[in-house]
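Working notes, beginning with the structure itself.
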Amino acid sequence: MSFENIGSSVNHSAFRGISGPTTDNSSSVDTNAVQKSQDKLKFALLDSGMGGGMTAAFLKGEVRQLGSYFCLPIGDKQPAVAEAYTAVMALWPLIMPLANSDGVKDGKVAENVIIACNSASVRKEGAVDLMAKFCADLCENNYEGVSSGDDFKNLPPMVGLGLKNLADAVMEETDGVSADNFRTYFTDHVHEIVSRTAEKGAMDAIGLLKDPDRTPDRDPLFVRVDSTNGTAGSQSYPTKMLEAFKNQPGVTNVELLGSTFNRNVRDTEDTITHHVVSLTVNDAERTIVIEGRGNQPWVKAVEGGTVGNEGPDLVRASNQNSETAFGKSITQLESEGPGGGRAAKILTNLLTAEGRRIDGQEGEGAAPDLSMLCCTHYPAMTSALDASYGGTSSFINQATIVRDLVSDDLNVPFDDNAGPLDLAVTVGSMNYGGADESIRPSIANGFTSANVLANVLQQTMDGDSSNVQNMLGSVNIFHQNVDDETPKDVRIKNQSTQGGSLQETFELLHQMMVTGEAEINRFYADQNLALNPKFGKDPEAPRFNFVPNDRRQTQIAPDKTKLSQKALDYETAMNLDRIGHSLDTLGTVMTLGETRGIDKIAPLNDQGAQLRAATAQLMDVVIRNRTVENPTEREPVGIMTGFSVVNNDDRTRVGGENDGPPGAVLMGKTLVDQGTPVVLVTDSSSEASLISSLLGAGLAELTDDGSMFLEQNRQNFVRNENGLGPHSLLKREHVTLNELVTVEIPDHDFPEQPHAIDLPLDDPERRETLIAERKQESREAVLATAGKLGQMNVNTMISIERPSVTQLDGGAYSMVAVDVAPFNLDLSPLLGIKDSDFNPFTIGIGDGGNELGTGGIQFMTSEGRDHEMQPFVKGGSVIGAHKDLETDVMLLSTVSNNGGMAVSMSLLAGLAQRDGGDPGQKLDDAIDSYNTTITYLHENNMSIDGVNKQNLNTVDGRRMGSTDEALQRWRQQDGQVPLGVGPDYSTELGLEGAARDTSHNDTFLRFRNLFAPVN
């Protein structure tokens, strides 16, 4: 197999493909070829493909590097999750061979690992503890596997052989193979860059203060640490620098005068912190300001190779963010008393001192004395930064820290004649454990990635501000489990983790890393979760309970700032009555019996408080409307819904899902029955589903023309493979609506087929451009609808099962990460438009984390993991709703329609509590109305189950059942019916479920019983 080098000696436009052995799996490496410790590589790098490449640019000879996108979740990592991922990443190169620059796994493993990833570096200590316990347990079990609860997980033979060889090295060096022996070995052989960089920063800062030409009147010394938002938010660099100051010669009395934390500065996603330090240097009191600055767009520009054009503007924007953050920090510190006041004065002096400001214009703050580039991508930004600072700043390049570590600690000499860098990048999936069979590779297209990386490295190494001059020889990209016959842009298929590929073996190792009761409990506690011992015994007990920790002290609460005083009074009354406890329980029960992950992350949301706020708001509207005689003058409630189902394979439209519109119509009917008008909103893709639901609920009737339309189409309509009938063609003009019901559809038509251009996986900039173009096509129509809602005096807006713009790229995806945006408008402006008159109180209902209103739980949708490192929500890092698209109330439910049922029942119970009386009959009526709606949809071939994509009497894969059946089961089991047994697909059609399974009606009876006992 031949490989084409990409670098300074060849044309940068040359292409090469994803490469690797003909069959890239464990069996392609002879287990006998795994080398003993004396034959090991000196080191392997652990970092993302691009970041590791940037680091490797300052090295010589062969470098084998494992991408951290391989498994470390992108974003603000939760400590225990990051520790477990780091443990596997650091252990892997010590026991398993990576490909060399010829694409051959030659059996060589590393003697040392350098963690060149900041997020992983700060977790080294915890990771080493996990690695040590894991390896010691395996030694005791003769390298066969590990015990996990009642299970025993078998270790693949090749991994066992690698671990045995590692144990031989540990025995040779430490005279034992206990957990303590492994811990000692890993402490010496696993290196991290945060401490090393912080020490270098502290040394250089003190050196600047000791400069005879720098007198104390020029203080404070300004140190800027540029990194990613996650690293800036962790405050690891200033914390470690404070400790490092104390170890510098001639330095005493190190004191932190004050610190601040600023998130989302200037409406960006950037985090900026300030630490003000006082210390004595050579008997003189001096001061230092350390700014930790996250720079969200920088990595994208580096990886896109656009730094040359965009660099100056990116630096200018970051500097303006710093200026704003300085002002916020000064205000924070001034409010903290005398100590904070001194720190605030030091920050003020830094901004106002003569000659410190950048060009004295456009609010760009001060130029740093020392600029620390603490991300391995950032060397490419040096020239733009240096130009902005006027050439007055000293720089520390984190990539050179790794070079020095290799040279000084690992004794790998640098010889200018040693030849060019020969870099082999091994990558895997960026969202390990993602949606079934649709895992996104971190480098999807070797053609693009190798060239971009080569170009960026060349810019870095040839730039005037580079610390060293090197020659780039070759960049070779390898996937763990994609062979040469696979199309270059295909998604990696997630086969069984017991399979033979290295990717699968790697994932299996994750599942074995966190074992033992103490480790498992700690792992969950770090995610604000505790296993509930009552789960499985009490049908109303959740799998997890919420527990506070340092990162999150309280559950996610509703934003009640828009509630009127009357609504707040209603909420208070509910808290003082039994209904308050019922709503707390309902908030829990509505998330039980779910298998897609919401049940596991819902404990972080205060569901009871959210339900009380939603109920109080709706009660306020209903009760005020009772005093308005003219229905046209009453205040309407807006409800938007509709999730158009898309085929997973060809991405063609199926039709509107039966989860969403029926729940919206149920809530609408509950309000209408109370005399409150409703405005139902969807797009033309889900219009027929909404209209059919209104017909089923009795809130609409077919016109004569509508009946004739259906009859004409019924004769000519051939049911498609999904079972749709002529009702799928209905429009609002085919029905007469209840006088209190209005339907609004943005004026935008959808194509019959999806866009011809697929969203590229390997070109983030092009991907985001295509997504933005899609939104722009319909934005005017959506804004016009928002204007109408404002004119109608809609002050409450509910969103139920409506796809959200994602955090990842602004697109919209199904639960299995299929692009659904071509047939689902972005209706997020209907939640309110900034700086406009339309700013309603908003309630969001969702069941998967990809719906409008679930952005408040995005951090768990994306990052939450069980102790086997499987994501709570499969593909959550791809499908998760954008965190800025929060609603005032966020309600999570097993199925969104059931969330609509919970809201309807809560409103009826709340009104009954205020007015007096038993809500039982009205609760039964709500259940009957919903059942009637689903039955109507099913009988008219419009009940499209979003899981099965067929016309079924099921919703989200679970059968409807009936009230009579549920009542019989309730009485037989004395109300102890477990929720969520789930559908049994053993029936003839393999779709409907069996009578012994619990159903949606079992769930509704449990809801009802909380407010009025079921007899």
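By order of appearance in the structure tokens: chains A, B, ..., then residues from 1 within every chain, and ligands from 1 in the order shown.
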Original post:
DSSP on the backbone: what in range 485-689 of chain A comes out alpha helix (DSSP H), as JSON, numbers by chain?
Top reply: {"A": [502, 503, 504, 505, 506, 507, 508, 509, 510, 511, 517, 518, 519, 520, 521, 522, 523, 524, 525, 565, 566, 567, 568, 569, 570, 571, 572, 573, 574, 575, 578, 579, 580, 581, 582, 583, 584, 585, 586, 587, 588, 589, 598, 599, 600, 601, 607, 608, 609, 610, 611, 612, 613, 614, 615, 616, 617, 618, 619, 620, 621, 622, 623, 624, 625, 661, 662, 663, 664, 665, 666, 667, 668, 669, 670, 671, 672, 673, 687, 688, 689]}
Subject >> Who sits within 10 Å of Gln921 in chain A, only C-alpha atoms, same chain under 5 positions skipped, as a list in words >> reply: Ala926, Ile927 and Ala1012 of chain A
Those residues you just picked out, can you put them in a file as a short mmCIF file (atom, residue, chain, number, x, y, z; two decimals), in the first residue's frame with all heavy atoms?
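Writing the result to out.cif gives the following:
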```cif
data_model
loop_
_atom_site.label_atom_id
_atom_site.label_comp_id
_atom_site.auth_asym_id
_atom_site.auth_seq_id
_atom_site.Cartn_x
_atom_site.Cartn_y
_atom_site.Cartn_z
N ALA A 926 -60.67 14.06 29.77
CA ALA A 926 -59.41 14.36 29.06
C ALA A 926 -58.81 13.07 28.50
O ALA A 926 -58.33 13.04 27.35
CB ALA A 926 -58.43 15.05 30.00
N ILE A 927 -58.81 11.99 29.29
CA ILE A 927 -58.28 10.71 28.82
C ILE A 927 -59.09 10.21 27.64
O ILE A 927 -58.54 9.77 26.62
CB ILE A 927 -58.27 9.68 29.96
CG1 ILE A 927 -57.31 10.12 31.08
CG2 ILE A 927 -57.86 8.30 29.44
CD1 ILE A 927 -57.36 9.25 32.32
N ALA A 1012 -57.32 12.39 41.80
CA ALA A 1012 -58.62 11.81 42.16
C ALA A 1012 -58.46 10.30 42.14
O ALA A 1012 -58.13 9.73 41.10
CB ALA A 1012 -59.70 12.26 41.17
#
```
**OP:** Determine, counting only C-alpha atoms, which protein, DNA and RNA residues have an atom within 6 Å of an atom of range 288-304 of chain A; residues of the same chain fewer than 6 positions away are not included. Present the result as an MDAnalysis selection string.
**Re:** chainID A and resid 220:229 232 270:277
**OP:** Using only C-alpha atoms, determine which residues lie at most 8 Å from Val903 in chain A, disregarding the query and same-chain residues fewer than 5 positions distant; provide the list as a VMD selection string.
**Re:** chain A and resid 611 614 to 615 667
Subject >> DSSP strand (DSSP E) selection over range 603-785 of chain A, as a PyMOL selection string >> reply: chain A and resi 637-640+644-646+653-656+678-681+700-702+735-737+741-744
Got time to write the residues from that selection, N, CA and C atoms, as an mmCIF file, in the first residue's frame?
```
data_model
loop_
_atom_site.group_PDB
_atom_site.id
_atom_site.type_symbol
_atom_site.label_atom_id
_atom_site.label_comp_id
_atom_site.auth_asym_id
_atom_site.auth_seq_id
_atom_site.Cartn_x
_atom_site.Cartn_y
_atom_site.Cartn_z
ATOM 1 N N VAL A 637 -54.114 31.464 24.157
ATOM 2 C CA VAL A 637 -52.860 30.759 24.442
ATOM 3 C C VAL A 637 -52.357 30.164 23.128
ATOM 4 N N GLY A 638 -51.082 30.378 22.819
ATOM 5 C CA GLY A 638 -50.492 29.812 21.617
ATOM 6 C C GLY A 638 -49.873 28.447 21.900
ATOM 7 N N ILE A 639 -50.054 27.505 20.974
ATOM 8 C CA ILE A 639 -49.468 26.168 21.108
ATOM 9 C C ILE A 639 -48.876 25.780 19.758
ATOM 10 N N MET A 640 -47.568 25.564 19.712
ATOM 11 C CA MET A 640 -46.961 25.115 18.450
ATOM 12 C C MET A 640 -46.494 23.673 18.578
ATOM 13 N N SER A 644 -42.273 16.459 11.618
ATOM 14 C CA SER A 644 -42.453 15.655 10.419
ATOM 15 C C SER A 644 -41.437 14.523 10.395
ATOM 16 N N VAL A 645 -41.942 13.295 10.241
ATOM 17 C CA VAL A 645 -41.106 12.093 10.268
ATOM 18 C C VAL A 645 -40.388 11.942 8.930
ATOM 19 N N VAL A 646 -39.103 11.568 9.015
ATOM 20 C CA VAL A 646 -38.264 11.403 7.827
ATOM 21 C C VAL A 646 -37.699 9.987 7.827
ATOM 22 N N ARG A 653 -39.660 12.430 3.168
ATOM 23 C CA ARG A 653 -40.665 12.725 4.174
ATOM 24 C C ARG A 653 -41.690 11.601 4.244
ATOM 25 N N VAL A 654 -42.043 11.181 5.482
ATOM 26 C CA VAL A 654 -43.116 10.215 5.695
ATOM 27 C C VAL A 654 -44.418 10.964 5.938
ATOM 28 N N GLY A 655 -44.418 11.824 6.953
ATOM 29 C CA GLY A 655 -45.610 12.586 7.327
ATOM 30 C C GLY A 655 -45.473 13.088 8.736
ATOM 31 N N GLY A 656 -46.502 13.809 9.198
ATOM 32 C CA GLY A 656 -46.468 14.347 10.547
ATOM 33 C C GLY A 656 -46.602 13.258 11.592
ATOM 34 N N VAL A 678 -57.503 29.411 21.755
ATOM 35 C CA VAL A 678 -56.162 28.906 21.492
ATOM 36 C C VAL A 678 -55.792 29.189 20.038
ATOM 37 N N VAL A 679 -54.491 29.405 19.820
ATOM 38 C CA VAL A 679 -53.939 29.542 18.478
ATOM 39 C C VAL A 679 -52.940 28.405 18.300
ATOM 40 N N LEU A 680 -53.243 27.473 17.416
ATOM 41 C CA LEU A 680 -52.377 26.325 17.156
ATOM 42 C C LEU A 680 -51.512 26.625 15.946
ATOM 43 N N VAL A 681 -50.203 26.384 16.082
ATOM 44 C CA VAL A 681 -49.247 26.723 15.031
ATOM 45 C C VAL A 681 -48.438 25.496 14.651
ATOM 46 N N ALA A 700 -62.912 20.522 15.271
ATOM 47 C CA ALA A 700 -63.057 20.915 13.870
ATOM 48 C C ALA A 700 -64.013 19.941 13.202
ATOM 49 N N GLU A 701 -64.669 20.415 12.142
ATOM 50 C CA GLU A 701 -65.545 19.569 11.333
ATOM 51 C C GLU A 701 -65.182 19.757 9.871
ATOM 52 N N LEU A 702 -65.310 18.687 9.107
ATOM 53 C CA LEU A 702 -65.057 18.790 7.680
ATOM 54 C C LEU A 702 -66.127 19.655 7.026
ATOM 55 N N VAL A 735 -61.675 22.425 6.681
ATOM 56 C CA VAL A 735 -62.416 22.223 7.927
ATOM 57 C C VAL A 735 -62.974 23.546 8.443
ATOM 58 N N THR A 736 -64.015 23.416 9.268
ATOM 59 C CA THR A 736 -64.535 24.551 10.035
ATOM 60 C C THR A 736 -64.077 24.365 11.472
ATOM 61 N N LEU A 737 -63.403 25.356 12.011
ATOM 62 C CA LEU A 737 -62.819 25.259 13.348
ATOM 63 C C LEU A 737 -63.796 25.741 14.404
ATOM 64 N N VAL A 741 -60.898 28.428 18.314
ATOM 65 C CA VAL A 741 -59.671 27.827 17.793
ATOM 66 C C VAL A 741 -59.235 28.548 16.514
ATOM 67 N N THR A 742 -57.941 28.895 16.460
ATOM 68 C CA THR A 742 -57.326 29.455 15.265
ATOM 69 C C THR A 742 -56.115 28.598 14.918
ATOM 70 N N VAL A 743 -55.892 28.395 13.626
ATOM 71 C CA VAL A 743 -54.703 27.658 13.171
ATOM 72 C C VAL A 743 -53.862 28.586 12.313
ATOM 73 N N GLU A 744 -52.581 28.671 12.634
ATOM 74 C CA GLU A 744 -51.645 29.501 11.866
ATOM 75 C C GLU A 744 -50.559 28.608 11.254
#
```
**OP:** Might you pull out every residue within 8 Å of Leu825 in chain A, with only C-alpha atoms counted and same-chain residues fewer than 4 positions away left off, and present them as a count of residues only?
**Re:** 4
Original post:
Could you name the residues that touch Asn630 in chain A at 12 Å or less, counting only C-alpha atoms, but leaving out those on the same chain fewer than 5 positions away, as a count of residues only?
Top reply: 7
**OP:** With a distance cut-off of 6 Å and only C-alpha atoms, select the neighbouring residues of range 380-392 of chain A, excluding the residue or stretch itself and same-chain residues fewer than 2 positions from it, and output the selection as a list in words.
**Re:** Gly311, Pro312, Ala367, Tyr378 and Thr460 of chain A
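Minimum atom-to-atom distances from A:Glu144, A:Ile771, A:Asp137, A:Lys200 to Gly516 in chain A were compared using only C-alpha atoms, and the lowest value belongs to A:Asp137.
The residue that comes closest to Ile934 in chain A, out of A:Asp659, A:Ala881, A:Asp809, A:Asn713 and on the basis of only C-alpha atoms, is A:Asp659.
Coordinates place CA of Leu509 in chain A at a distance of 6.9 Å from CA of Val88 in chain A.
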Pull the closest atom pair for each residue of range 491-597 of chain A that gets at most 8 Å from range 829-849 of chain A, along with the distance in Å to one decimal, counting only C-alpha atoms, ordering rows by chain and then ascending residue number, as CSV.
```
residue,atom,partner,partner_atom,distance
A:Lys562,CA,A:Phe841,CA,6.3
A:Leu563,CA,A:Phe841,CA,7.6
A:Arg596,CA,A:Gly848,CA,6.9
A:Gly597,CA,A:Gly848,CA,7.3
```
